[in-house]
file entry-v3.csv (CSV, C-alpha atoms)
chain,number,residue,atom,x,y,z
A,3,MET,CA,38.1,-20.9,-4.2
A,4,ALA,CA,35.3,-23.4,-4.3
A,5,LYS,CA,32.6,-22.8,-6.9
A,6,LEU,CA,29.2,-21.9,-5.4
A,7,SER,CA,26.1,-23.6,-6.7
A,8,GLN,CA,23.1,-21.6,-7.8
A,9,ASP,CA,21.3,-22.7,-4.6
A,10,ASP,CA,24.2,-21.4,-2.4
A,11,LEU,CA,24.2,-18.1,-4.2
A,12,LEU,CA,20.4,-17.7,-3.8
A,13,ALA,CA,20.7,-18.5,-0.1
A,14,GLN,CA,23.3,-15.7,0.2
A,15,PHE,CA,21.1,-13.3,-1.6
A,16,GLU,CA,18.1,-14.1,0.7
A,17,GLU,CA,20.2,-12.9,3.7
A,18,MET,CA,21.0,-9.5,2.0
A,19,THR,CA,18.9,-6.4,2.6
A,20,LEU,CA,17.5,-4.5,-0.4
A,21,ILE,CA,20.2,-1.9,-0.2
A,22,GLU,CA,23.0,-4.5,0.0
A,23,LEU,CA,21.4,-6.3,-3.0
A,24,SER,CA,21.1,-3.1,-5.0
A,25,GLU,CA,24.8,-2.3,-4.3
A,26,PHE,CA,25.8,-5.8,-5.4
A,27,VAL,CA,23.9,-5.5,-8.7
A,28,LYS,CA,25.6,-2.2,-9.4
A,29,ALA,CA,29.0,-3.7,-8.6
A,30,PHE,CA,28.2,-6.7,-10.8
A,31,GLU,CA,27.2,-4.4,-13.7
A,32,ASP,CA,30.4,-2.4,-13.3
A,33,LYS,CA,32.6,-5.5,-13.1
A,34,PHE,CA,31.2,-7.3,-16.1
A,35,ASP,CA,30.1,-4.2,-18.1
A,36,VAL,CA,26.5,-5.4,-18.4
A,37,THR,CA,23.1,-4.1,-17.5
A,38,ALA,CA,20.5,-5.9,-15.4
A,39,ALA,CA,17.6,-4.8,-17.6
A,40,ALA,CA,14.6,-6.9,-18.4
A,41,ALA,CA,14.5,-8.6,-21.8
A,42,VAL,CA,12.3,-6.9,-24.3
A,43,ALA,CA,10.1,-8.9,-26.6
A,44,VAL,CA,10.6,-8.1,-30.3
A,45,ALA,CA,7.6,-8.1,-32.7
A,46,GLY,CA,8.0,-10.4,-35.7
A,47,PRO,CA,8.1,-9.0,-39.3
A,48,GLY,CA,4.8,-7.7,-40.5
A,49,ALA,CA,3.3,-7.5,-37.0
A,50,PRO,CA,1.3,-4.3,-36.4
A,51,VAL,CA,2.9,-1.9,-34.0
A,52,ALA,CA,0.5,-0.6,-31.3
A,53,ALA,CA,0.8,2.9,-30.1
A,54,GLU,CA,2.3,2.8,-26.6
A,55,ALA,CA,0.2,4.3,-23.9
A,56,PRO,CA,2.2,6.0,-21.1
A,57,GLU,CA,2.8,3.5,-18.4
A,58,GLU,CA,1.7,4.2,-14.9
A,59,GLN,CA,4.7,4.1,-12.5
A,60,ASP,CA,4.6,0.9,-10.5
A,61,GLU,CA,7.9,1.1,-8.7
A,62,PHE,CA,8.7,3.8,-6.2
A,63,ASP,CA,11.7,4.8,-4.1
A,64,VAL,CA,11.3,6.1,-0.5
A,65,ILE,CA,14.0,8.7,0.2
A,66,LEU,CA,14.8,10.0,3.6
A,67,THR,CA,15.5,13.7,3.2
A,68,GLY,CA,15.9,14.6,6.9
A,69,ALA,CA,15.8,12.9,10.3
A,70,GLY,CA,14.0,15.7,12.2
A,71,ASP,CA,14.1,16.1,15.9
A,72,LYS,CA,13.4,12.4,16.9
A,73,LYS,CA,16.5,10.8,15.3
A,74,ILE,CA,16.4,7.7,17.4
A,75,GLN,CA,12.7,7.0,16.5
A,76,VAL,CA,13.6,7.5,12.8
A,77,ILE,CA,16.5,5.0,13.2
A,78,LYS,CA,14.2,2.5,14.7
A,79,VAL,CA,11.7,2.8,11.9
A,80,VAL,CA,14.5,2.5,9.3
A,81,ARG,CA,15.7,-0.7,10.9
A,82,GLU,CA,12.1,-2.1,10.8
A,83,LEU,CA,11.7,-1.2,7.2
A,84,THR,CA,15.1,-2.4,5.9
A,85,SER,CA,16.3,-5.0,8.5
A,86,LEU,CA,19.6,-3.1,8.7
A,87,GLY,CA,21.7,-3.3,11.7
A,88,LEU,CA,21.9,-0.4,14.2
A,89,LYS,CA,25.1,1.1,12.8
A,90,GLU,CA,23.9,0.8,9.2
A,91,ALA,CA,20.5,2.4,10.0
A,92,LYS,CA,22.2,5.2,11.9
A,93,ASP,CA,24.6,5.8,9.0
A,94,LEU,CA,21.7,5.9,6.6
A,95,VAL,CA,19.8,8.5,8.8
A,96,ASP,CA,23.0,10.6,9.3
A,97,GLY,CA,23.7,10.6,5.6
A,98,ALA,CA,20.3,11.9,4.5
A,99,PRO,CA,19.1,12.4,1.8
A,100,LYS,CA,19.4,8.7,1.1
A,101,PRO,CA,17.0,6.0,-0.3
A,102,VAL,CA,15.5,3.8,2.4
A,103,LEU,CA,13.6,1.5,0.0
A,104,GLU,CA,14.0,1.3,-3.7
A,105,LYS,CA,11.7,-0.1,-6.4
A,106,VAL,CA,8.8,-1.1,-4.1
A,107,ALA,CA,5.1,-1.1,-4.8
A,108,LYS,CA,3.1,2.1,-4.3
A,109,GLU,CA,1.3,0.7,-1.2
A,110,VAL,CA,4.6,-0.3,0.4
A,111,ALA,CA,6.2,3.1,-0.4
A,112,GLU,CA,3.2,5.0,1.1
A,113,LYS,CA,3.1,2.9,4.2
A,114,ALA,CA,6.9,3.3,4.7
A,115,ALA,CA,6.6,7.1,4.2
A,116,GLU,CA,3.8,7.3,6.7
A,117,SER,CA,5.9,5.4,9.3
A,118,LEU,CA,8.9,7.6,8.8
A,119,LYS,CA,6.8,10.8,8.9
A,120,GLY,CA,5.2,9.5,12.1
A,121,ALA,CA,8.6,9.1,13.6
A,122,GLY,CA,9.4,12.8,12.7
A,123,ALA,CA,11.4,12.3,9.5
A,124,ALA,CA,11.2,14.2,6.3
A,125,VAL,CA,10.4,11.8,3.4
A,126,GLU,CA,10.0,11.9,-0.3
A,127,VAL,CA,8.5,9.2,-2.5
A,128,LYS,CA,9.6,9.2,-6.1
call {"tool": "encode", "arguments": {"input": "entry-v3.csv", "output": "structure tokens"}}
result
Amino acid sequence: MAKLSQDDLLAQFEEMTLIELSEFVKAFEDKFDVTAAAAVAVAGPGAPVAAEAPEEQDEFDVILTGAGDKKIQVIKVVRELTSLGLKEAKDLVDGAPKPVLEKVAKEVAEKAAESLKGAGAAVEVK
């Protein structure tokens, strides 16, 4: 098997949906027994430790809890939000409750939830 360059890998990741990329990261973590967590800066010796204020949540998940009566409209909205194919979007809607978007900004999550609710779906933002 030919070795892929970093640019080739990035090109492949660009073509993936958020859900596919999330599944890849989970598989990568399992395969190599690692965690894809951000690095934490360590304070040097003698540095004062500041009391941590509770952080405001800045990443939200949009979870489809039910398709409602207008399932076809919900599938269309899911496809618009995720760029999934028809079969994948239908499977996601049929398998509710499932995440539609993960770790997105608050504005994006609210807009996606409104779109899904407008199509008749039951949605939860976490």
call {"tool": "residues_around", "arguments": {"input": "entry-v3.csv", "residues": "Val27 of chain A", "least_positions_apart": "3", "cutoff": "12 Å", "atoms": "all atoms listed in the file", "output": "list of chain:residue names"}}
result
A:Phe15, A:Met18, A:Leu20, A:Ile21, A:Glu22, A:Leu23, A:Ser24, A:Phe30, A:Glu31, A:Asp32, A:Lys33, A:Phe34, A:Asp35, A:Val36, A:Thr37, A:Ala38, A:Ala39
call {"tool": "write_last_selection", "arguments": {"input": "entry-v3.csv", "atoms": "C-alpha atoms", "output": "CSV table (one decimal), in the frame of the given file"}}
result
chain,number,residue,atom,x,y,z
A,15,PHE,CA,21.1,-13.3,-1.6
A,18,MET,CA,21.0,-9.5,2.0
A,20,LEU,CA,17.5,-4.5,-0.4
A,21,ILE,CA,20.2,-1.9,-0.2
A,22,GLU,CA,23.0,-4.5,0.0
A,23,LEU,CA,21.4,-6.3,-3.0
A,24,SER,CA,21.1,-3.1,-5.0
A,30,PHE,CA,28.2,-6.7,-10.8
A,31,GLU,CA,27.2,-4.4,-13.7
A,32,ASP,CA,30.4,-2.4,-13.3
A,33,LYS,CA,32.6,-5.5,-13.1
A,34,PHE,CA,31.2,-7.3,-16.1
A,35,ASP,CA,30.1,-4.2,-18.1
A,36,VAL,CA,26.5,-5.4,-18.4
A,37,THR,CA,23.1,-4.1,-17.5
A,38,ALA,CA,20.5,-5.9,-15.4
A,39,ALA,CA,17.6,-4.8,-17.6
call {"tool": "closest_residue", "arguments": {"input": "entry-v3.csv", "among": "A:Ala13, A:Leu118, A:Gln8, A:Asp60", "to": "Lys78 of chain A", "atoms": "all atoms listed in the file"}}
result
A:Leu118
call {"tool": "residues_around", "arguments": {"input": "entry-v3.csv", "residues": "segment 89-103 of chain A", "least_positions_apart": "4", "cutoff": "10 Å", "atoms": "only C-alpha atoms", "output": "ChimeraX atom specification"}}
result
/A:19-21,62-70,73-74,76-85,110-111,114-115,118,123-128
call {"tool": "atom_distance", "arguments": {"input": "entry-v3.csv", "atom1": "atom CA of Gly87 of chain A", "atom2": "atom CA of Asp10 of chain A"}}
result
23.1 Å
call {"tool": "closest_residue", "arguments": {"input": "entry-v3.csv", "among": "A:Ala121, A:Lys72, A:Glu58, A:Leu6", "to": "Lys108 of chain A", "atoms": "all atoms listed in the file"}}
result
A:Glu58
call {"tool": "atom_distance", "arguments": {"input": "entry-v3.csv", "atom1": "atom CA of Val106 of chain A", "atom2": "atom CA of Gln59 of chain A"}}
result
10.7 Å
call {"tool": "atom_distance", "arguments": {"input": "entry-v3.csv", "atom1": "atom CA of Gly122 of chain A", "atom2": "atom CA of Asp71 of chain A"}}
result
6.6 Å
call {"tool": "closest_residue", "arguments": {"input": "entry-v3.csv", "among": "A:Glu112, A:Ala29, A:Glu17, A:Lys119", "to": "Leu86 of chain A", "atoms": "all atoms listed in the file"}}
result
A:Glu17
call {"tool": "axis_aligned_box", "arguments": {"input": "entry-v3.csv", "around": "segment 75-80 of chain A", "padding_each_side": "3 Å", "output": "JSON"}}
result
{"center_x": 14.1, "center_y": 5.0, "center_z": 12.9, "size_x": 10.8, "size_y": 11.0, "size_z": 13.2}
